[in-house]
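Visitor: Would you mind keeping the following structure in view while I ask a few things?
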Amino acid sequence: MTYAVIALNVFVYLLQWIIPGFTNSLVLAPAIAAYEPWRLITSAFAHSTSSFLHLAMNMYGIYIFGTLLEPKLGRLRFTWLYLLSAFGGSLGILLLSAPLNATLGASGALAGLFLATFVVFRSNKQALRQMGIILALNVVLGFVVSGISWQGHLGGAITGILAACCIVLIPRSNPQRAKTQLLLLTALSVLLVGALYFAMEAVKYTG
């Protein structure tokens, strides 16, 4: 799934170059997403066409953390974690960004993978070192590329760490470990969907 996620991001990036106005139909701005909710996820697969660095850095981060996490968590849990982090990033933007502030990119999902890796590999020095490299690159990228928001990073990071806790903090000795993991992830998903709904309604009301 790591390579599938990267391929999808690259494919969308190519379409952004080929199809006029395609990027504008994907970006997330709270005031628009309140009426076009698909932007909550499409924005996580679109990147700035003004800087290839935006796509390259995010894909490098997904590759690093994906190849660490996916073998450890399995395809289903990794994919679930990734999507939850992406939606969590969108929630952060809905709650904390200006209504017409447009953002895009996989940075929110990547922040979720970052914090999840910290939880899963908290005793692995090599993994922590790689995390530090990606963190430094993303801090630099935030000053180079427009459309990257700390709000999305924050939302994705919080969601990622919560999702990782749902997976790895269940004792291996628990005979119902797999079932409990899925139940907790489902509960987190329901809470996130509810939070997104109320955030969109709040944007409509204040708008």
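How things are named: the first chain in the structure tokens is A, the next is B, and so on; residues count from 1 in each chain; ligands count from 1 in the order shown.
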Based on DSSP run over this structure's backbone, return all residues of range 73-103 of chain A in alpha helix (DSSP H), as a PyMOL selection string.
Guide: chain A and resi 73+75-96
Visitor: Using only C-alpha atoms, find the one residue out of A:Ala164, A:Pro71, A:Pro175, A:Phe65 that sits nearest to Leu188 in chain A.
Guide: A:Ala164
Visitor: Given only C-alpha atoms as the basis, pick out the residue of A:Leu162, A:Ala34, A:Ile19, A:Leu28 nearest to Phe198 in chain A.
Guide: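 Closest to Phe198 in chain A, using only C-alpha atoms: A:Ala34.
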Visitor: Here is a test: counting only C-alpha atoms, which residue of A:Asn9, A:Thr159, A:Ser43, A:Asn24 is nearest to Gly105 in chain A?
Guide: A:Ser43
Visitor: When you count only C-alpha atoms, which of these residues is closest to Tyr82 in chain A: A:Ile170, A:Leu110, A:Ala31, A:Leu100?
Guide: A:Leu110
Visitor: Name the closest residue to Ile62 in chain A among the candidates A:Trp150, A:Tyr197, A:Phe114, A:Phe22; distances are taken between atoms, counting only C-alpha atoms.
Guide: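 Of all the options, A:Phe114 lies closest to Ile62 in chain A.
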Visitor: Looking at only C-alpha atoms, which of A:Leu182, A:Met1, A:Leu8, A:Leu96 is the one that sits closest to Ala29 in chain A?
Guide: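 Residue with the minimum atom-to-atom distance to Ala29 in chain A: A:Leu96.
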Visitor: In Å, with one decimal, what is the gap from CA of Val27 in chain A to CA of Glu201 in chain A?
Guide: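 Straight-line distance from CA of Val27 in chain A to CA of Glu201 in chain A works out to 18.9 Å.
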Visitor: Within 6 Å of Gly112 in chain A, counting only C-alpha atoms, which residues qualify if same-chain residues fewer than 5 places away don't, as number ranges by chain?
Guide: A: 85, 156-157, 160
Visitor: Take the residues that were just selected and, keeping N, CA, C and O atoms, output them as a tab-separated table (two decimals), in the first residue's frame.
Guide:
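As a result, again.tsv now contains:
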chain	number	residue	atom	x	y	z
A	85	SER	N	-5.21	9.74	9.32
A	85	SER	CA	-4.31	10.89	9.48
A	85	SER	C	-4.63	11.98	8.46
A	85	SER	O	-4.57	13.18	8.77
A	156	GLY	N	-3.23	16.03	11.64
A	156	GLY	CA	-2.75	14.72	11.21
A	156	GLY	C	-1.91	14.04	12.27
A	156	GLY	O	-2.02	12.83	12.49
A	157	ALA	N	-1.07	14.82	12.95
A	157	ALA	CA	-0.19	14.26	13.98
A	157	ALA	C	-0.99	13.70	15.15
A	157	ALA	O	-0.72	12.59	15.62
A	160	GLY	N	-2.81	10.59	14.00
A	160	GLY	CA	-1.87	9.49	13.79
A	160	GLY	C	-1.44	8.83	15.08
A	160	GLY	O	-1.38	7.60	15.17
